[in-house]
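See structure below.
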Amino acid sequence: MKTRKVLFVVPYFPPHKGGMELFALNIAEQLSRNHTWQVVVVTTGEERAIEVEKADSGLVVYRLPYWRKISNSPVALSWLWHLRRIIQTEKPDLINIHTPVPGLGDIASMMAGSCPVVVNYHMGTMRKDKSRLNFLIEIYERVLVKPMLRRAKEIISSSDYVRDGFLINFRYKTQTITPAVDSDFFYPAEVAVSIPHIIFVGSLNRSDEHKNLRSLLTACQELRAVVPDLRLTVVGDGDGRRMYEDIAVSMGLRDLAKFTGWLERDALAEAYRAASVFVLPSTNDSFPLVITEAMATGLPIVSTLAGGIPTLVDDEADGLLVAPADDDALVKVLKRVLTDKALASRLGTAGRNKAVHSLNWSSRADMTNTLFSDVLGSCIQPRRDRSSVRRA
């Protein structure tokens, strides 16, 4: 089959950490390796000039400079010219925009011309509790993002929660393709960890306070009285890290909590294997990739009924779920899983089985390849209801 070229437009890309970044990287590598796609990535970088890299996997990566960040969104007027030139030079058959982060994807959509566009939408609303930027986010989500979504031939949502919520008006052309995990790399420890050791993995940026590490720290403060050997490892970094470290100290958790910063892939897998339970008490989330990694490692999951998490974690089957921001319930379920080894083992084994059999990247790439090919072949016609489309 003839090689086709797809231009991935992603606001951030590895080595930058995040679920959207890892999703884009894994799909790009799978399409390049196992399907007839040449993948070119356009993302942002820290340097003042454009950097062009060629990865061992064959991916070509353009890193564009930006003027400044507004919250966690890089912005630059120069992207208008950069993207136009890159599209003219690379001549992609299809443009795949990963969002939401305002700016880069919106401009790429405008610059696409006659090139078909597929949008991957990775989360629901970006509005956060008590954020002073909510009025700007609301303007973007109600008005500014709509032209990109209307121009898209097809939209890929990260979960049914996103498809049936934020993207409801575009549901007729939206298919769910969830994140996955490399279960050969993220595998369980040979011997189950016997000490009560919690691991949290996520961004510590102030803009990501919905990950709700604060509630986990509060829970640990209460739990240490009944679980004296309790340990907590916090993997992640961001502009709020110092704040969380100070909170941990003020709660008397200096000896209990360890902040590692971001860990590279090998070290992250080892950190999962050194823990006994994974906790992500988010108040708003779509389909967190870190949960799939923890599942593959055989850890029982403690999370919330927020967003798309209940479509990933089956309560009482492979994890325990509580209402978002219910600190008392969080303490209760953590006490259960930390003190009941049989329960922890059952949940962890079920999660591992789900990761191996239902959450693999090759199936996600197959679905993406089919959708991209259909778009290029003009085979997909808009329909009123996509409730019966394939989903993972």
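In the structure tokens, each chain is lettered A, B, ... as it comes, each chain's residues begin at 1, and ligands are numbered from 1 in order of appearance.
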inquiry  = Can you pull out the residues contacting Gly308 of chain A? Cut-off 8 Å, using only C-alpha atoms, and skip same-chain residues under 2 positions away; I want them as an MDAnalysis selection string.
reply    = chainID A and resid 159:162 285:287 305:306 310:312
message = Among segment 137-359 of chain A, which residues does DSSP mark as strand (DSSP E or B) when it is run on the backbone? Keep the chain and numbering as in the structure and answer as number ranges by chain.
response = A: 154-157, 174-176, 197-201, 231-236, 257-261, 277-279, 301-304, 315, 319-322
query = So which one's closest to Leu359 of chain A, A:Thr304, A:Thr297, A:Ser183, A:Ser373? Using only C-alpha atoms, please.
reply = A:Ser183
query = Counting only C-alpha atoms, what is within 6 Å of segment 254-262 of chain A, bar same-chain residues fewer than 2 positions away, as a PyMOL selection string?
reply = chain A and resi 231-237+249+252
task = With a distance cut-off of 9 Å and only C-alpha atoms, select the neighbouring residues of segment 197-201 of chain A, excluding the residue or stretch itself and same-chain residues fewer than 3 positions from it, and output the selection as a list in words.
result = Val193, Ser194, Leu213, Leu216, Asp229, Leu230, Arg231, Leu232, Thr233, Val234, Val235, Gly236, Trp262, Ala271, Tyr272, Ala274, Ala275, Ser276, Val277, Phe278, Val279, Leu280, Val290, Ile291 and Leu338 of chain A
request  = Choose the residue, out of A:Pro188, A:Ile107, A:Phe166, A:Pro300, that has the smallest atom-to-atom separation from Leu144 of chain A; count only C-alpha atoms.
outcome  = A:Ile107
query = Within 10 Å of Ser32 of chain A, counting only C-alpha atoms, which residues qualify if same-chain residues fewer than 2 places away don't, as a ChimeraX atom specification?
reply = /A:3-6,26-30,34-40,57-59,365
request  = Find the spatial neighbours of Asp318 of chain A, counting only C-alpha atoms, within a cut-off of 8 Å - ignore same-chain residues fewer than 6 positions away - and output them as a ChimeraX atom specification.
outcome  = /A:300-301,346-351
Kindly export the residues of the current selection with N, CA and C atoms, as a short mmCIF file (atom, residue, chain, number, x, y, z; two decimals), in the first residue's frame.
```cif
data_model
loop_
_atom_site.label_atom_id
_atom_site.label_comp_id
_atom_site.auth_asym_id
_atom_site.auth_seq_id
_atom_site.Cartn_x
_atom_site.Cartn_y
_atom_site.Cartn_z
N PRO A 300 -4.15 -2.19 42.77
CA PRO A 300 -5.54 -1.81 42.94
C PRO A 300 -5.68 -0.30 42.77
N ILE A 301 -6.78 0.13 42.19
CA ILE A 301 -7.00 1.54 41.88
C ILE A 301 -7.99 2.14 42.85
N ARG A 346 -7.21 -9.05 44.76
CA ARG A 346 -8.29 -9.32 43.80
C ARG A 346 -8.45 -8.15 42.83
N LEU A 347 -8.45 -6.94 43.36
CA LEU A 347 -8.60 -5.76 42.51
C LEU A 347 -7.42 -5.61 41.55
N GLY A 348 -6.21 -5.81 42.07
CA GLY A 348 -5.02 -5.67 41.24
C GLY A 348 -4.96 -6.70 40.12
N THR A 349 -5.33 -7.94 40.42
CA THR A 349 -5.32 -9.00 39.40
C THR A 349 -6.34 -8.71 38.30
N ALA A 350 -7.53 -8.25 38.68
CA ALA A 350 -8.56 -7.92 37.70
C ALA A 350 -8.13 -6.75 36.81
N GLY A 351 -7.48 -5.76 37.41
CA GLY A 351 -7.00 -4.63 36.62
C GLY A 351 -5.92 -5.03 35.64
#
```
inquiry  = Which residues are close to Val119 of chain A, i.e. within 12 Å by only C-alpha atoms, leaving aside same-chain residues fewer than 5 positions away? Reply as a PyMOL selection string.
reply    = chain A and resi 7-10+24+94-100+105-106+108-109+145-158+167+170+173-177+368+371-372+375
request  = Write down as a PyMOL selection string the residues belonging to segment 25-261 of chain A that are assigned helix (DSSP H, G or I) by DSSP computed on the backbone.
outcome  = chain A and resi 25-34+79-90+104-111+134-144+146-151+160-164+168-173+206-211+213-223+241-250
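Taking only C-alpha atoms into account, Val75 of chain A lies nearest to A:Pro11 out of the set A:Pro228, A:Pro116, A:Gly19, A:Pro11.
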Tell me, counting only C-alpha atoms, for each residue of segment 110-223 of chain A within 10 Å of segment 67-73 of chain A, which pair of atoms is nearest and how far apart they are in Å to one decimal, in rows ordered by chain and increasing number, as CSV.
```
residue,atom,partner,partner_atom,distance
A:Leu133,CA,A:Ser71,CA,8.0
A:Asn205,CA,A:Asn72,CA,8.3
A:Arg206,CA,A:Ser71,CA,8.7
A:Ser207,CA,A:Ser71,CA,6.7
A:Asp208,CA,A:Asn72,CA,9.1
```
Would you put the residues from that selection into a file with C-alpha atoms, as a compact mmCIF listing (two decimals), in the first residue's frame?
```txt
# COMPACT_ATOMS: atom_id res chain seq x y z
CA LEU A 133 -9.26 32.29 33.96
CA ASN A 205 0.83 22.49 38.04
CA ARG A 206 -1.55 24.88 39.77
CA SER A 207 -3.73 24.67 36.63
CA ASP A 208 -4.12 20.94 37.34
```
